[in-house]
>>> print(open('upload-v9.pdb').read())   # PDB, C-alpha atoms
ATOM      1  CA  MET A   1       1.906  20.036 -10.703
ATOM      2  CA  SER A   2      -0.516  17.759  -8.893
ATOM      3  CA  LYS A   3      -0.792  16.609  -5.310
ATOM      4  CA  ILE A   4      -0.685  12.849  -4.688
ATOM      5  CA  LEU A   5      -2.054  11.374  -1.471
ATOM      6  CA  PHE A   6      -0.063   8.586   0.199
ATOM      7  CA  VAL A   7      -2.271   6.684   2.656
ATOM      8  CA  VAL A   8       0.104   4.901   5.011
ATOM      9  CA  THR A   9      -0.568   2.440   7.813
ATOM     10  CA  GLY A  10      -0.312   3.766  11.344
ATOM     11  CA  ALA A  11       0.234   0.298  12.811
ATOM     12  CA  ASP A  12       3.608  -0.799  14.151
ATOM     13  CA  THR A  13       2.439  -4.280  15.201
ATOM     14  CA  TRP A  14       0.591  -7.036  13.341
ATOM     15  CA  THR A  15      -1.460  -9.296  15.602
ATOM     16  CA  LEU A  16      -0.849 -12.948  14.775
ATOM     17  CA  ALA A  17      -3.239 -15.865  15.191
ATOM     18  CA  ASP A  18      -1.882 -16.705  18.648
ATOM     19  CA  GLY A  19      -2.440 -13.141  19.839
ATOM     20  CA  THR A  20       1.198 -12.140  19.842
ATOM     21  CA  GLY A  21       2.374  -9.016  18.070
ATOM     22  CA  HIS A  22       4.778  -9.091  15.120
ATOM     23  CA  PRO A  23       6.712  -5.823  14.597
ATOM     24  CA  THR A  24       5.664  -4.187  11.346
ATOM     25  CA  GLY A  25       4.779  -0.870   9.721
ATOM     26  CA  PHE A  26       5.077   0.240   6.103
ATOM     27  CA  TRP A  27       7.558  -1.415   3.724
ATOM     28  CA  ALA A  28      10.395   0.948   2.862
ATOM     29  CA  GLU A  29      10.819   0.258  -0.866
ATOM     30  CA  GLU A  30       7.075   0.497  -1.457
ATOM     31  CA  ALA A  31       7.075   4.034  -0.099
ATOM     32  CA  VAL A  32      10.459   5.196  -1.396
ATOM     33  CA  ALA A  33      10.254   4.045  -5.030
ATOM     34  CA  PRO A  34       6.890   5.726  -5.788
ATOM     35  CA  TYR A  35       7.818   8.809  -3.747
ATOM     36  CA  GLU A  36      11.018   9.296  -5.744
ATOM     37  CA  ALA A  37       9.163   8.781  -9.022
ATOM     38  CA  PHE A  38       6.367  11.208  -8.170
ATOM     39  CA  ARG A  39       8.725  13.893  -6.853
ATOM     40  CA  ALA A  40      11.008  13.543  -9.885
ATOM     41  CA  ALA A  41       7.961  14.159 -12.081
ATOM     42  CA  GLY A  42       7.271  17.364 -10.144
ATOM     43  CA  HIS A  43       4.329  16.243  -8.055
ATOM     44  CA  GLU A  44       3.730  17.098  -4.412
ATOM     45  CA  VAL A  45       3.203  14.214  -1.956
ATOM     46  CA  VAL A  46       1.005  14.412   1.134
ATOM     47  CA  VAL A  47       1.016  11.542   3.653
ATOM     48  CA  ALA A  48      -2.118  10.613   5.589
ATOM     49  CA  THR A  49      -2.398   8.070   8.408
ATOM     50  CA  PRO A  50      -5.207   7.052  10.765
ATOM     51  CA  GLY A  51      -5.275   9.697  13.478
ATOM     52  CA  GLY A  52      -2.335  11.497  11.881
ATOM     53  CA  VAL A  53       0.184   9.311  13.734
ATOM     54  CA  GLN A  54       3.743   9.274  12.412
ATOM     55  CA  PRO A  55       4.090   6.011  10.476
ATOM     56  CA  THR A  56       6.635   3.368  11.422
ATOM     57  CA  VAL A  57       8.914   1.746   8.880
ATOM     58  CA  ASP A  58       9.067  -2.037   9.098
ATOM     59  CA  ARG A  59      12.667  -2.586  10.186
ATOM     60  CA  ALA A  60      12.769  -5.845   8.223
ATOM     61  CA  SER A  61      12.330  -3.822   5.030
ATOM     62  CA  LEU A  62      15.688  -2.123   5.616
ATOM     63  CA  ALA A  63      17.672  -5.383   5.718
ATOM     64  CA  PRO A  64      20.278  -6.012   2.989
ATOM     65  CA  GLU A  65      18.787  -9.385   2.064
ATOM     66  CA  VAL A  66      15.467  -7.860   0.947
ATOM     67  CA  ASN A  67      17.109  -4.953  -0.864
ATOM     68  CA  GLY A  68      19.591  -6.745  -3.084
ATOM     69  CA  GLY A  69      22.535  -6.049  -0.812
ATOM     70  CA  GLN A  70      23.863  -3.512   1.666
ATOM     71  CA  GLU A  71      24.452  -0.753  -0.886
ATOM     72  CA  ASN A  72      20.823  -0.545  -1.938
ATOM     73  CA  ALA A  73      19.635  -1.018   1.647
ATOM     74  CA  ASP A  74      21.713   2.030   2.601
ATOM     75  CA  ARG A  75      20.312   3.971  -0.343
ATOM     76  CA  ILE A  76      16.729   3.245   0.657
ATOM     77  CA  ALA A  77      17.397   4.127   4.290
ATOM     78  CA  LYS A  78      18.903   7.439   3.170
ATOM     79  CA  ALA A  79      15.978   8.094   0.850
ATOM     80  CA  LEU A  80      13.580   7.549   3.739
ATOM     81  CA  GLU A  81      15.380  10.261   5.683
ATOM     82  CA  SER A  82      14.632  12.746   2.905
ATOM     83  CA  PHE A  83      10.981  11.646   2.705
ATOM     84  CA  THR A  84      10.136  14.389   5.198
ATOM     85  CA  GLU A  85       6.392  14.207   4.562
ATOM     86  CA  LEU A  86       6.350  10.980   6.594
ATOM     87  CA  ARG A  87       7.169  13.017   9.710
ATOM     88  CA  SER A  88       4.140  15.288   9.485
ATOM     89  CA  PRO A  89       1.191  13.271   8.178
ATOM     90  CA  VAL A  90      -2.319  14.669   8.005
ATOM     91  CA  ARG A  91      -5.218  12.875   9.649
ATOM     92  CA  LEU A  92      -6.806  10.368   7.278
ATOM     93  CA  GLU A  93     -10.156  11.344   8.785
ATOM     94  CA  ASP A  94      -9.716  14.932   7.532
ATOM     95  CA  VAL A  95      -8.657  14.171   3.946
ATOM     96  CA  ARG A  96     -10.620  15.809   1.120
ATOM     97  CA  LEU A  97     -10.273  13.648  -1.976
ATOM     98  CA  GLU A  98     -10.947  16.704  -4.145
ATOM     99  CA  ASP A  99      -7.528  18.103  -3.159
ATOM    100  CA  TYR A 100      -5.630  15.249  -4.826
ATOM    101  CA  ALA A 101      -5.069  14.061  -8.374
ATOM    102  CA  ALA A 102      -4.189  10.491  -7.381
ATOM    103  CA  VAL A 103      -4.134   8.198  -4.348
ATOM    104  CA  PHE A 104      -1.488   5.635  -3.453
ATOM    105  CA  TYR A 105      -1.321   2.965  -0.717
ATOM    106  CA  PRO A 106       2.041   1.309   0.086
ATOM    107  CA  GLY A 107       2.122  -2.011   1.886
ATOM    108  CA  GLY A 108       3.942  -3.791   4.669
ATOM    109  CA  HIS A 109       1.944  -5.970   7.047
ATOM    110  CA  GLY A 110       0.679  -2.834   8.808
ATOM    111  CA  PRO A 111      -2.402  -2.369   6.573
ATOM    112  CA  MET A 112      -3.604  -5.847   7.592
ATOM    113  CA  GLU A 113      -3.800  -4.539  11.161
ATOM    114  CA  ASP A 114      -5.456  -1.128  10.708
ATOM    115  CA  LEU A 115      -6.460  -0.158   7.160
ATOM    116  CA  ALA A 116      -8.208  -3.488   6.518
ATOM    117  CA  VAL A 117     -10.862  -2.441   9.048
ATOM    118  CA  ASN A 118     -10.661   1.362   8.785
ATOM    119  CA  ALA A 119     -13.993   2.811   7.653
ATOM    120  CA  ASP A 120     -12.538   6.233   6.783
ATOM    121  CA  SER A 121      -9.999   4.602   4.498
ATOM    122  CA  GLY A 122     -12.709   2.392   3.024
ATOM    123  CA  ARG A 123     -14.876   5.421   2.188
ATOM    124  CA  LEU A 124     -11.902   7.239   0.674
ATOM    125  CA  LEU A 125     -11.088   4.242  -1.530
ATOM    126  CA  ALA A 126     -14.701   3.958  -2.664
ATOM    127  CA  ARG A 127     -14.809   7.654  -3.563
ATOM    128  CA  ALA A 128     -11.440   7.471  -5.342
ATOM    129  CA  LEU A 129     -12.611   4.501  -7.374
ATOM    130  CA  GLU A 130     -15.862   6.222  -8.317
ATOM    131  CA  SER A 131     -14.093   9.484  -9.180
ATOM    132  CA  GLY A 132     -11.904   7.884 -11.827
ATOM    133  CA  ARG A 133      -8.724   9.223 -10.236
ATOM    134  CA  PRO A 134      -5.643   7.021 -10.597
ATOM    135  CA  LEU A 135      -5.612   4.745  -7.546
ATOM    136  CA  GLY A 136      -2.475   2.734  -6.834
ATOM    137  CA  VAL A 137      -2.176   0.009  -4.180
ATOM    138  CA  VAL A 138       0.782  -2.343  -3.688
ATOM    139  CA  CYS A 139       1.718  -5.583  -1.877
ATOM    140  CA  HIS A 140      -0.195  -5.802   1.452
ATOM    141  CA  GLY A 141      -1.771  -2.406   0.736
ATOM    142  CA  PRO A 142      -4.767  -4.128  -0.914
ATOM    143  CA  ALA A 143      -5.783  -5.211   2.599
ATOM    144  CA  ALA A 144      -7.286  -1.709   2.735
ATOM    145  CA  LEU A 145      -9.703  -2.667  -0.066
ATOM    146  CA  LEU A 146     -11.453  -4.980   2.392
ATOM    147  CA  ALA A 147     -12.868  -1.965   4.267
ATOM    148  CA  ALA A 148     -14.438  -0.459   1.139
ATOM    149  CA  VAL A 149     -17.977  -1.771   1.502
ATOM    150  CA  GLY A 150     -20.921  -0.142  -0.247
ATOM    151  CA  ALA A 151     -24.414   0.560   1.072
ATOM    152  CA  ASP A 152     -25.521  -2.823  -0.289
ATOM    153  CA  GLY A 153     -22.948  -4.605   1.873
ATOM    154  CA  ARG A 154     -20.817  -5.641  -1.089
ATOM    155  CA  ASN A 155     -17.188  -4.704  -1.499
ATOM    156  CA  VAL A 156     -16.938  -1.891  -4.054
ATOM    157  CA  PHE A 157     -13.927  -3.649  -5.620
ATOM    158  CA  ALA A 158     -15.852  -6.888  -6.201
ATOM    159  CA  GLY A 159     -15.432  -7.827  -9.856
ATOM    160  CA  TYR A 160     -12.120  -5.982 -10.165
ATOM    161  CA  GLU A 161      -8.856  -7.711 -11.018
ATOM    162  CA  VAL A 162      -5.913  -6.931  -8.746
ATOM    163  CA  ALA A 163      -2.373  -7.909  -7.909
ATOM    164  CA  ALA A 164      -1.617  -8.362  -4.208
ATOM    165  CA  PHE A 165       0.837 -10.199  -1.973
ATOM    166  CA  THR A 166       0.088 -13.850  -2.623
ATOM    167  CA  ASN A 167      -0.358 -16.864  -0.380
ATOM    168  CA  ALA A 168       2.776 -18.343  -1.964
ATOM    169  CA  GLU A 169       4.809 -15.280  -1.009
ATOM    170  CA  GLU A 170       3.418 -15.285   2.530
ATOM    171  CA  VAL A 171       4.418 -18.948   2.839
ATOM    172  CA  GLN A 172       7.894 -18.276   1.485
ATOM    173  CA  GLY A 173       8.201 -15.279   3.798
ATOM    174  CA  GLY A 174       7.612 -17.584   6.754
ATOM    175  CA  LEU A 175       4.523 -15.980   8.285
ATOM    176  CA  ALA A 176       1.605 -17.720   6.556
ATOM    177  CA  ASP A 177       1.095 -20.369   9.244
ATOM    178  CA  ARG A 178       1.104 -17.719  11.984
ATOM    179  CA  ALA A 179      -1.294 -15.260  10.337
ATOM    180  CA  LYS A 180      -4.950 -14.834  11.331
ATOM    181  CA  TRP A 181      -5.821 -14.622   7.646
ATOM    182  CA  LEU A 182      -4.114 -14.404   4.274
ATOM    183  CA  LEU A 183      -4.619 -11.435   1.982
ATOM    184  CA  GLN A 184      -5.174 -13.373  -1.229
ATOM    185  CA  ASP A 185      -7.848 -15.502   0.455
ATOM    186  CA  ARG A 186      -9.678 -12.572   2.018
ATOM    187  CA  LEU A 187      -9.725 -10.545  -1.213
ATOM    188  CA  THR A 188     -11.074 -13.554  -3.097
ATOM    189  CA  GLU A 189     -13.811 -13.995  -0.494
ATOM    190  CA  ALA A 190     -14.768 -10.330  -1.031
ATOM    191  CA  GLY A 191     -15.307 -10.975  -4.746
ATOM    192  CA  VAL A 192     -12.014  -9.457  -5.906
ATOM    193  CA  THR A 193     -10.085 -11.460  -8.517
ATOM    194  CA  VAL A 194      -6.405 -11.786  -7.565
ATOM    195  CA  ARG A 195      -4.155 -12.282 -10.590
ATOM    196  CA  ALA A 196      -1.023 -13.865  -9.151
ATOM    197  CA  GLY A 197       2.345 -13.526 -10.847
ATOM    198  CA  GLU A 198       5.615 -15.247 -10.017
ATOM    199  CA  PRO A 199       6.632 -14.839  -6.364
ATOM    200  CA  TRP A 200       8.777 -11.735  -5.750
ATOM    201  CA  ALA A 201       8.851 -10.716  -9.430
ATOM    202  CA  PRO A 202       7.393  -7.375 -10.586
ATOM    203  CA  HIS A 203       3.718  -7.819 -11.423
ATOM    204  CA  VAL A 204       1.257  -4.969 -12.005
ATOM    205  CA  VAL A 205      -2.433  -5.331 -12.837
ATOM    206  CA  THR A 206      -4.558  -2.474 -14.150
ATOM    207  CA  ASP A 207      -8.359  -2.492 -14.138
ATOM    208  CA  ARG A 208     -10.061   0.761 -15.047
ATOM    209  CA  ASN A 209      -8.533   3.450 -12.775
ATOM    210  CA  LEU A 210      -7.195   0.884 -10.276
ATOM    211  CA  VAL A 211      -3.492  -0.016 -10.550
ATOM    212  CA  THR A 212      -2.189  -2.699  -8.193
ATOM    213  CA  GLY A 213       1.188  -4.347  -7.594
ATOM    214  CA  GLN A 214       1.972  -7.731  -6.082
ATOM    215  CA  ASN A 215       5.097  -7.143  -3.999
ATOM    216  CA  PRO A 216       7.916  -4.670  -3.243
ATOM    217  CA  ALA A 217       9.479  -5.193  -6.677
ATOM    218  CA  SER A 218       6.202  -4.024  -8.228
ATOM    219  CA  SER A 219       6.203  -0.599  -6.580
ATOM    220  CA  ALA A 220       8.421   1.184  -9.133
ATOM    221  CA  PRO A 221       6.554  -0.090 -12.224
ATOM    222  CA  LEU A 222       3.247   0.695 -10.493
ATOM    223  CA  ALA A 223       4.423   4.282  -9.942
ATOM    224  CA  GLU A 224       5.317   4.549 -13.633
ATOM    225  CA  GLU A 225       1.805   3.435 -14.575
ATOM    226  CA  LEU A 226       0.229   5.990 -12.250
ATOM    227  CA  LEU A 227       2.379   8.761 -13.713
ATOM    228  CA  LYS A 228       1.239   7.812 -17.228
ATOM    229  CA  ARG A 229      -2.339   8.221 -16.094
ATOM    230  CA  LEU A 230      -1.602  11.628 -14.602
ATOM    231  CA  GLY A 231      -0.314  12.737 -17.983
TER     232      GLY A 231
END
>>> encode(input="upload-v9.pdb", output="structure tokens")
Amino acid sequence: MSKILFVVTGADTWTLADGTGHPTGFWAEEAVAPYEAFRAAGHEVVVATPGGVQPTVDRASLAPEVNGGQENADRIAKALESFTELRSPVRLEDVRLEDYAAVFYPGGHGPMEDLAVNADSGRLLARALESGRPLGVVCHGPAALLAAVGADGRNVFAGYEVAAFTNAEEVQGGLADRAKWLLQDRLTEAGVTVRAGEPWAPHVVTDRNLVTGQNPASSAPLAEELLKRLG
């Protein structure tokens, strides 16, 4: 079967507007749900991070209240333990897109710290988009789209429709007034059209080979859509 590239944030802190650091990383469900779906379909998963650092899970994403209770929180924590590829990521800088059939970016606030300004990630996204490969990005993962700028200075995703973590969700999550910038605003400024669904409900938007999800609940249906495109 095919190899699927997971590009995961290497950041464990998100710098807030006042300069303080908020503990973060990748969001557990957004990594686990697609990983389980891809592996169940027989695909191989390779994790890449900036510099090849071992990614950090956002501890908040393991709490019972964001996982529908303690039972599911325990299940996701256990699933993360078996996601062994997270322990030996390749360097994002060394990735050859030609080796992969699809590319996927999970979220968490981490991408707003590193992938949003990572030129290697931006070039990879631009090449993936141009190649026609299935490209999946969920929640705060679309922050990485901000680094995908073409030779003309325009964002290569300008004119695309996406789902991404919304201003309303950031407000309800309690961090909007402390953030340096909000994802929905910054994507809109880059010429990307954000199609917002109901806060916290599954919402997936497809536009050509780009498949995006709004929030953690969107990660499983997004994975299903990517698998359809892989045949």
>>> closest_atom_pairs(input="upload-v9.pdb", of="region 95-213 of chain A", to="region 11-26 of chain A", cutoff="7 Å", atoms="all atoms listed in the file", output="tab-separated table")
residue	atom	partner	partner_atom	distance
A:Pro106	CA	A:Phe26	CA	6.8
A:Gly107	CA	A:Phe26	CA	5.6
A:Gly108	CA	A:Phe26	CA	4.4
A:His109	CA	A:Thr24	CA	6.0
A:Gly110	CA	A:Gly25	CA	4.6
A:Glu113	CA	A:Trp14	CA	5.5
A:Asp114	CA	A:Ala11	CA	6.2
A:Arg178	CA	A:Ala17	CA	5.7
A:Ala179	CA	A:Leu16	CA	5.0
A:Lys180	CA	A:Ala17	CA	4.3
>>> write_last_selection(input="upload-v9.pdb", atoms="C-alpha atoms", output="PDB file, in the frame of the given file")
ATOM      1  CA  PRO A 106       2.041   1.309   0.086  1.00  0.00           C
ATOM      2  CA  GLY A 107       2.122  -2.011   1.886  1.00  0.00           C
ATOM      3  CA  GLY A 108       3.942  -3.791   4.669  1.00  0.00           C
ATOM      4  CA  HIS A 109       1.944  -5.970   7.047  1.00  0.00           C
ATOM      5  CA  GLY A 110       0.679  -2.834   8.808  1.00  0.00           C
ATOM      6  CA  GLU A 113      -3.800  -4.539  11.161  1.00  0.00           C
ATOM      7  CA  ASP A 114      -5.456  -1.128  10.708  1.00  0.00           C
ATOM      8  CA  ARG A 178       1.104 -17.719  11.984  1.00  0.00           C
ATOM      9  CA  ALA A 179      -1.294 -15.260  10.337  1.00  0.00           C
ATOM     10  CA  LYS A 180      -4.950 -14.834  11.331  1.00  0.00           C
TER      11      LYS A 180
END
>>> closest_residue(input="upload-v9.pdb", among="A:Arg229, A:Arg39, A:His203, A:Arg127", to="Glu98 (chain A)", atoms="all atoms listed in the file")
A:Arg127
>>> axis_aligned_box(input="upload-v9.pdb", around="region 183-200 of chain A", padding_each_side="4 Å", output="JSON")
{"center_x": -3.3, "center_y": -12.5, "center_z": -4.4, "size_x": 32.1, "size_y": 14.0, "size_z": 20.9}
>>> residues_near_point(input="upload-v9.pdb", point="(-9.7, -1.9, -9.9)", cutoff="9 Å", atoms="all atoms listed in the file", output="list in words")
Leu129, Leu135, Phe157, Ala158, Gly159, Tyr160, Glu161, Val162, Val192, Val205, Thr206, Asp207, Arg208, Asn209, Leu210, Val211 and Thr212 of chain A
>>> atom_distance(input="upload-v9.pdb", atom1="CA of Glu225 (chain A)", atom2="CA of Glu198 (chain A)")
19.6 Å
>>> closest_residue(input="upload-v9.pdb", among="A:Met1, A:Ala79, A:Leu175, A:Ala126", to="Ala33 (chain A)", atoms="only C-alpha atoms")
A:Ala79
>>> closest_residue(input="upload-v9.pdb", among="A:Ile76, A:Ala101, A:Val117, A:Met112", to="Gly136 (chain A)", atoms="only C-alpha atoms")
A:Ala101
>>> atom_distance(input="upload-v9.pdb", atom1="CA of Thr49 (chain A)", atom2="CA of Glu65 (chain A)")
28.2 Å
>>> resolve_selection(input="upload-v9.pdb", expression="the PyMOL selection byres ((chain A and resi 99) around 10)", output="ChimeraX atom specification")
/A:2-5,95-98,100-102
>>> atom_distance(input="upload-v9.pdb", atom1="CA of Gln214 (chain A)", atom2="CA of Glu170 (chain A)")
11.5 Å
>>> resolve_selection(input="upload-v9.pdb", expression="the PyMOL selection byres ((chain A and resi 105) around 6)", output="CSV table (one decimal) with C-alpha atoms, in the coordinates of the input")
chain,number,residue,atom,x,y,z
A,6,PHE,CA,-0.1,8.6,0.2
A,7,VAL,CA,-2.3,6.7,2.7
A,104,PHE,CA,-1.5,5.6,-3.5
A,106,PRO,CA,2.0,1.3,0.1
A,137,VAL,CA,-2.2,0.0,-4.2
A,141,GLY,CA,-1.8,-2.4,0.7
>>> residues_near_point(input="upload-v9.pdb", point="(17.4, -0.5, 5.2)", cutoff="7 Å", atoms="all atoms listed in the file", output="JSON, numbers by chain")
{"A": [61, 62, 63, 64, 73, 74, 76, 77]}
